[in-house]
file run15.txt (compact mmCIF, N, CA and C atoms)
# COMPACT_ATOMS: atom_id res chain seq x y z
N MET A 1 67.69 42.77 1.74
CA MET A 1 67.69 41.55 2.51
C MET A 1 68.41 41.79 3.83
N PHE A 2 67.95 41.18 4.87
CA PHE A 2 68.49 41.35 6.22
C PHE A 2 69.22 40.08 6.61
N HIS A 3 70.48 40.21 6.96
CA HIS A 3 71.25 39.05 7.39
C HIS A 3 71.44 39.13 8.89
N ARG A 4 71.14 38.05 9.54
CA ARG A 4 71.34 37.98 10.98
C ARG A 4 72.59 37.17 11.24
N LEU A 5 73.45 37.68 12.07
CA LEU A 5 74.68 36.98 12.38
C LEU A 5 74.37 35.71 13.16
N PRO A 6 75.34 34.83 13.24
CA PRO A 6 75.11 33.59 13.99
C PRO A 6 74.63 33.88 15.40
N VAL A 7 73.67 33.11 15.82
CA VAL A 7 73.07 33.27 17.14
C VAL A 7 73.27 31.97 17.89
N PRO A 8 73.71 32.04 19.14
CA PRO A 8 73.93 30.80 19.88
C PRO A 8 72.61 30.10 20.17
N ARG A 9 72.64 28.82 20.02
CA ARG A 9 71.49 28.01 20.39
C ARG A 9 72.00 26.94 21.34
N MET A 10 71.34 26.83 22.46
CA MET A 10 71.76 25.83 23.43
C MET A 10 71.45 24.45 22.87
N SER A 11 72.35 23.55 23.05
CA SER A 11 72.16 22.20 22.55
C SER A 11 72.74 21.23 23.55
N THR A 12 71.95 20.25 23.95
CA THR A 12 72.45 19.27 24.91
C THR A 12 73.40 18.29 24.24
N SER A 13 73.34 18.17 22.91
CA SER A 13 74.21 17.22 22.22
C SER A 13 75.57 17.81 21.89
N ALA A 14 75.70 19.12 21.93
CA ALA A 14 76.96 19.76 21.60
C ALA A 14 77.81 19.89 22.86
N PRO A 15 78.98 19.28 22.90
CA PRO A 15 79.79 19.33 24.12
C PRO A 15 80.22 20.74 24.51
N GLN A 16 80.40 21.64 23.56
CA GLN A 16 80.81 22.99 23.89
C GLN A 16 79.64 23.83 24.37
N GLY A 17 78.42 23.33 24.27
CA GLY A 17 77.27 24.04 24.81
C GLY A 17 76.54 24.90 23.79
N HIS A 18 77.10 25.10 22.61
CA HIS A 18 76.46 25.93 21.61
C HIS A 18 76.57 25.28 20.22
N THR A 19 75.58 25.51 19.44
CA THR A 19 75.69 25.26 18.02
C THR A 19 75.41 26.59 17.35
N TRP A 20 75.91 26.80 16.15
CA TRP A 20 75.79 28.09 15.50
C TRP A 20 75.04 27.94 14.20
N THR A 21 74.09 28.83 13.99
CA THR A 21 73.32 28.81 12.76
C THR A 21 73.29 30.21 12.18
N GLN A 22 73.13 30.28 10.88
CA GLN A 22 73.02 31.57 10.20
C GLN A 22 71.55 31.74 9.83
N TRP A 23 70.97 32.88 10.22
CA TRP A 23 69.58 33.20 9.89
C TRP A 23 69.59 34.25 8.81
N VAL A 24 68.75 34.08 7.82
CA VAL A 24 68.63 35.09 6.78
C VAL A 24 67.16 35.45 6.66
N LYS A 25 66.87 36.74 6.75
CA LYS A 25 65.50 37.22 6.67
C LYS A 25 65.14 37.42 5.20
N LYS A 26 64.03 36.84 4.79
CA LYS A 26 63.55 37.04 3.44
C LYS A 26 62.78 38.35 3.38
N GLU A 27 62.72 38.92 2.19
CA GLU A 27 62.10 40.23 2.04
C GLU A 27 60.62 40.23 2.42
N ASP A 28 59.91 39.12 2.24
CA ASP A 28 58.49 39.09 2.54
C ASP A 28 58.18 38.74 4.00
N GLU A 29 59.20 38.48 4.80
CA GLU A 29 59.00 38.17 6.22
C GLU A 29 58.90 39.45 7.02
N GLU A 30 58.14 39.39 8.11
CA GLU A 30 58.06 40.53 9.03
C GLU A 30 59.33 40.57 9.86
N GLU A 31 59.72 41.78 10.26
CA GLU A 31 60.90 41.92 11.10
C GLU A 31 60.62 41.35 12.48
N ASP A 32 61.60 40.67 13.03
CA ASP A 32 61.51 40.09 14.35
C ASP A 32 61.22 41.19 15.37
N PRO A 33 60.24 40.98 16.27
CA PRO A 33 59.92 42.00 17.28
C PRO A 33 61.13 42.39 18.13
N LEU A 34 62.01 41.44 18.42
CA LEU A 34 63.21 41.75 19.19
C LEU A 34 64.12 42.69 18.39
N ASP A 35 64.28 42.41 17.11
CA ASP A 35 65.08 43.30 16.26
C ASP A 35 64.47 44.69 16.21
N GLN A 36 63.14 44.77 16.15
CA GLN A 36 62.46 46.07 16.14
C GLN A 36 62.74 46.82 17.44
N LEU A 37 62.65 46.14 18.56
CA LEU A 37 62.90 46.74 19.86
C LEU A 37 64.33 47.29 19.95
N ILE A 38 65.29 46.48 19.54
CA ILE A 38 66.69 46.88 19.61
C ILE A 38 66.93 48.06 18.67
N SER A 39 66.34 48.02 17.50
CA SER A 39 66.50 49.11 16.54
C SER A 39 65.95 50.42 17.10
N ARG A 40 64.75 50.37 17.70
CA ARG A 40 64.13 51.57 18.28
C ARG A 40 64.87 52.06 19.51
N SER A 41 65.58 51.20 20.18
CA SER A 41 66.24 51.55 21.44
C SER A 41 67.45 52.46 21.24
N GLY A 42 68.01 52.45 20.06
CA GLY A 42 69.24 53.18 19.85
C GLY A 42 70.46 52.36 20.23
N CYS A 43 70.28 51.10 20.53
CA CYS A 43 71.37 50.23 20.98
C CYS A 43 71.78 49.21 19.92
N ALA A 44 71.37 49.43 18.68
CA ALA A 44 71.65 48.45 17.62
C ALA A 44 73.16 48.26 17.41
N ALA A 45 73.93 49.34 17.50
CA ALA A 45 75.38 49.22 17.27
C ALA A 45 76.03 48.33 18.33
N SER A 46 75.64 48.50 19.59
CA SER A 46 76.24 47.66 20.63
C SER A 46 75.74 46.22 20.53
N HIS A 47 74.50 46.03 20.09
CA HIS A 47 73.98 44.67 19.86
C HIS A 47 74.76 44.00 18.73
N PHE A 48 75.01 44.76 17.67
CA PHE A 48 75.78 44.24 16.55
C PHE A 48 77.19 43.85 17.01
N ALA A 49 77.79 44.65 17.89
CA ALA A 49 79.13 44.34 18.40
C ALA A 49 79.13 43.02 19.16
N VAL A 50 78.07 42.76 19.93
CA VAL A 50 77.95 41.48 20.63
C VAL A 50 77.87 40.34 19.62
N GLN A 51 77.02 40.51 18.60
CA GLN A 51 76.87 39.47 17.59
C GLN A 51 78.19 39.22 16.84
N GLU A 52 78.89 40.30 16.50
CA GLU A 52 80.17 40.16 15.81
C GLU A 52 81.17 39.39 16.67
N CYS A 53 81.24 39.75 17.94
CA CYS A 53 82.16 39.09 18.86
C CYS A 53 81.81 37.61 19.00
N MET A 54 80.54 37.33 19.15
CA MET A 54 80.11 35.94 19.29
C MET A 54 80.41 35.14 18.02
N ALA A 55 80.23 35.76 16.87
CA ALA A 55 80.54 35.07 15.62
C ALA A 55 82.03 34.78 15.51
N GLN A 56 82.84 35.72 16.00
CA GLN A 56 84.29 35.55 15.92
C GLN A 56 84.80 34.54 16.92
N HIS A 57 84.36 34.66 18.18
CA HIS A 57 84.94 33.84 19.25
C HIS A 57 84.11 32.61 19.60
N GLN A 58 82.83 32.65 19.33
CA GLN A 58 81.90 31.57 19.69
C GLN A 58 82.02 31.19 21.16
N ASP A 59 82.27 32.20 21.98
CA ASP A 59 82.38 32.00 23.42
C ASP A 59 81.98 33.30 24.11
N TRP A 60 80.83 33.30 24.75
CA TRP A 60 80.30 34.53 25.36
C TRP A 60 81.25 35.11 26.40
N ARG A 61 82.06 34.27 27.02
CA ARG A 61 82.98 34.77 28.06
C ARG A 61 84.01 35.73 27.48
N GLN A 62 84.35 35.58 26.22
CA GLN A 62 85.32 36.47 25.58
C GLN A 62 84.67 37.76 25.09
N CYS A 63 83.35 37.85 25.22
CA CYS A 63 82.61 39.01 24.71
C CYS A 63 81.99 39.85 25.83
N GLN A 64 82.49 39.71 27.04
CA GLN A 64 81.88 40.42 28.16
C GLN A 64 81.90 41.94 28.04
N PRO A 65 82.95 42.56 27.50
CA PRO A 65 82.89 44.03 27.35
C PRO A 65 81.74 44.46 26.42
N GLN A 66 81.55 43.72 25.33
CA GLN A 66 80.46 44.05 24.40
C GLN A 66 79.10 43.78 25.03
N VAL A 67 78.99 42.68 25.76
CA VAL A 67 77.73 42.34 26.42
C VAL A 67 77.39 43.42 27.45
N GLN A 68 78.38 43.85 28.22
CA GLN A 68 78.14 44.86 29.25
C GLN A 68 77.73 46.19 28.62
N ALA A 69 78.38 46.57 27.51
CA ALA A 69 78.04 47.82 26.83
C ALA A 69 76.59 47.76 26.31
N PHE A 70 76.19 46.62 25.77
CA PHE A 70 74.81 46.47 25.29
C PHE A 70 73.83 46.52 26.46
N LYS A 71 74.17 45.84 27.54
CA LYS A 71 73.32 45.84 28.74
C LYS A 71 73.15 47.26 29.28
N ASP A 72 74.26 48.00 29.35
CA ASP A 72 74.21 49.38 29.86
C ASP A 72 73.34 50.25 28.95
N CYS A 73 73.50 50.09 27.65
CA CYS A 73 72.71 50.87 26.69
C CYS A 73 71.22 50.57 26.86
N MET A 74 70.86 49.31 26.94
CA MET A 74 69.45 48.94 27.08
C MET A 74 68.90 49.40 28.43
N SER A 75 69.68 49.33 29.49
CA SER A 75 69.23 49.80 30.80
C SER A 75 68.95 51.29 30.76
N GLU A 76 69.84 52.05 30.12
CA GLU A 76 69.64 53.49 29.99
C GLU A 76 68.39 53.79 29.17
N GLN A 77 68.19 53.06 28.11
CA GLN A 77 67.00 53.26 27.27
C GLN A 77 65.74 52.96 28.06
N GLN A 78 65.75 51.88 28.83
CA GLN A 78 64.57 51.52 29.63
C GLN A 78 64.30 52.57 30.70
N SER A 79 65.34 53.12 31.28
CA SER A 79 65.18 54.17 32.27
C SER A 79 64.55 55.42 31.65
N ARG A 80 65.04 55.80 30.48
CA ARG A 80 64.46 56.96 29.77
C ARG A 80 63.00 56.70 29.43
N ARG A 81 62.69 55.48 29.02
CA ARG A 81 61.31 55.13 28.67
C ARG A 81 60.40 55.22 29.90
N ARG A 82 60.85 54.70 31.03
CA ARG A 82 60.06 54.78 32.27
C ARG A 82 59.80 56.23 32.66
N GLU A 83 60.84 57.06 32.57
CA GLU A 83 60.68 58.48 32.90
C GLU A 83 59.67 59.15 31.98
N GLU A 84 59.73 58.84 30.69
CA GLU A 84 58.78 59.42 29.73
C GLU A 84 57.36 58.97 30.04
N LEU A 85 57.17 57.70 30.34
CA LEU A 85 55.83 57.20 30.67
C LEU A 85 55.31 57.85 31.95
N GLN A 86 56.20 58.05 32.93
CA GLN A 86 55.79 58.69 34.17
C GLN A 86 55.36 60.14 33.91
N ARG A 87 56.13 60.86 33.08
CA ARG A 87 55.76 62.24 32.73
C ARG A 87 54.41 62.29 32.04
N ARG A 88 54.18 61.37 31.13
CA ARG A 88 52.89 61.34 30.42
C ARG A 88 51.74 61.05 31.38
N LYS A 89 51.99 60.13 32.30
CA LYS A 89 50.96 59.79 33.29
C LYS A 89 50.64 61.00 34.17
N GLU A 90 51.69 61.70 34.59
CA GLU A 90 51.48 62.90 35.43
C GLU A 90 50.76 63.99 34.65
N GLN A 91 51.09 64.19 33.39
CA GLN A 91 50.45 65.20 32.57
C GLN A 91 48.97 64.84 32.36
N ALA A 92 48.68 63.57 32.14
CA ALA A 92 47.31 63.14 31.91
C ALA A 92 46.47 63.34 33.17
N SER A 93 47.04 63.04 34.35
CA SER A 93 46.28 63.21 35.57
C SER A 93 46.11 64.69 35.93
N ALA A 94 47.02 65.53 35.49
CA ALA A 94 46.92 66.97 35.74
C ALA A 94 45.81 67.61 34.90
N HIS A 95 45.50 67.02 33.77
CA HIS A 95 44.47 67.54 32.87
C HIS A 95 43.06 67.07 33.25
N HIS A 96 42.95 66.16 34.19
CA HIS A 96 41.62 65.63 34.57
C HIS A 96 41.07 66.33 35.77
call {"tool": "encode", "arguments": {"input": "run15.txt", "output": "structure tokens"}}
result
Amino acid sequence: MFHRLPVPRMSTSAPQGHTWTQWVKKEDEEEDPLDQLISRSGCAASHFAVQECMAQHQDWRQCQPQVQAFKDCMSEQQSRRREELQRRKEQASAHH
């Protein structure tokens, strides 16, 4: 079973700006595409750190180091992906 940590949901009725819910993935459900992307990126640990911090503090402002580390990880992964796609494109055009 996959447990998802509390995720902030914007709410106009909540004065603090967030309400917190616990999501639990059932075994017969498909994995969330976002979770799949994060898992494949190699940035799951930093994403988990953001979720842990948010669950503990319930205030994104207190989690900026974790958010920045996750952002940096994803940016690096996207850069590597772009470079790989460019190499493949160049190799394909060289073979034609």
call {"tool": "residues_around", "arguments": {"input": "run15.txt", "residues": "region 43-57 of chain A", "least_positions_apart": "2", "cutoff": "8 Å", "atoms": "only C-alpha atoms", "output": "PyMOL selection string"}}
result
chain A and resi 5-7+38-41+59-60+62-63+66-67+69-70+73-74
call {"tool": "atom_distance", "arguments": {"input": "run15.txt", "atom1": "atom C of Glu76 (chain A)", "atom2": "atom C of Gly42 (chain A)"}}
result
9.3 Å
call {"tool": "atom_distance", "arguments": {"input": "run15.txt", "atom1": "CA of Glu30 (chain A)", "atom2": "atom C of Arg81 (chain A)"}}
result
25.6 Å
call {"tool": "atom_distance", "arguments": {"input": "run15.txt", "atom1": "atom C of Glu31 (chain A)", "atom2": "atom C of Glu83 (chain A)"}}
result
26.4 Å
call {"tool": "axis_aligned_box", "arguments": {"input": "run15.txt", "around": "region 46-57 of chain A", "padding_each_side": "8 Å", "output": "AutoDock Vina command-line options"}}
result
--center_x 79.5 --center_y 40.6 --center_z 18.1 --size_x 27.0 --size_y 31.9 --size_z 21.1
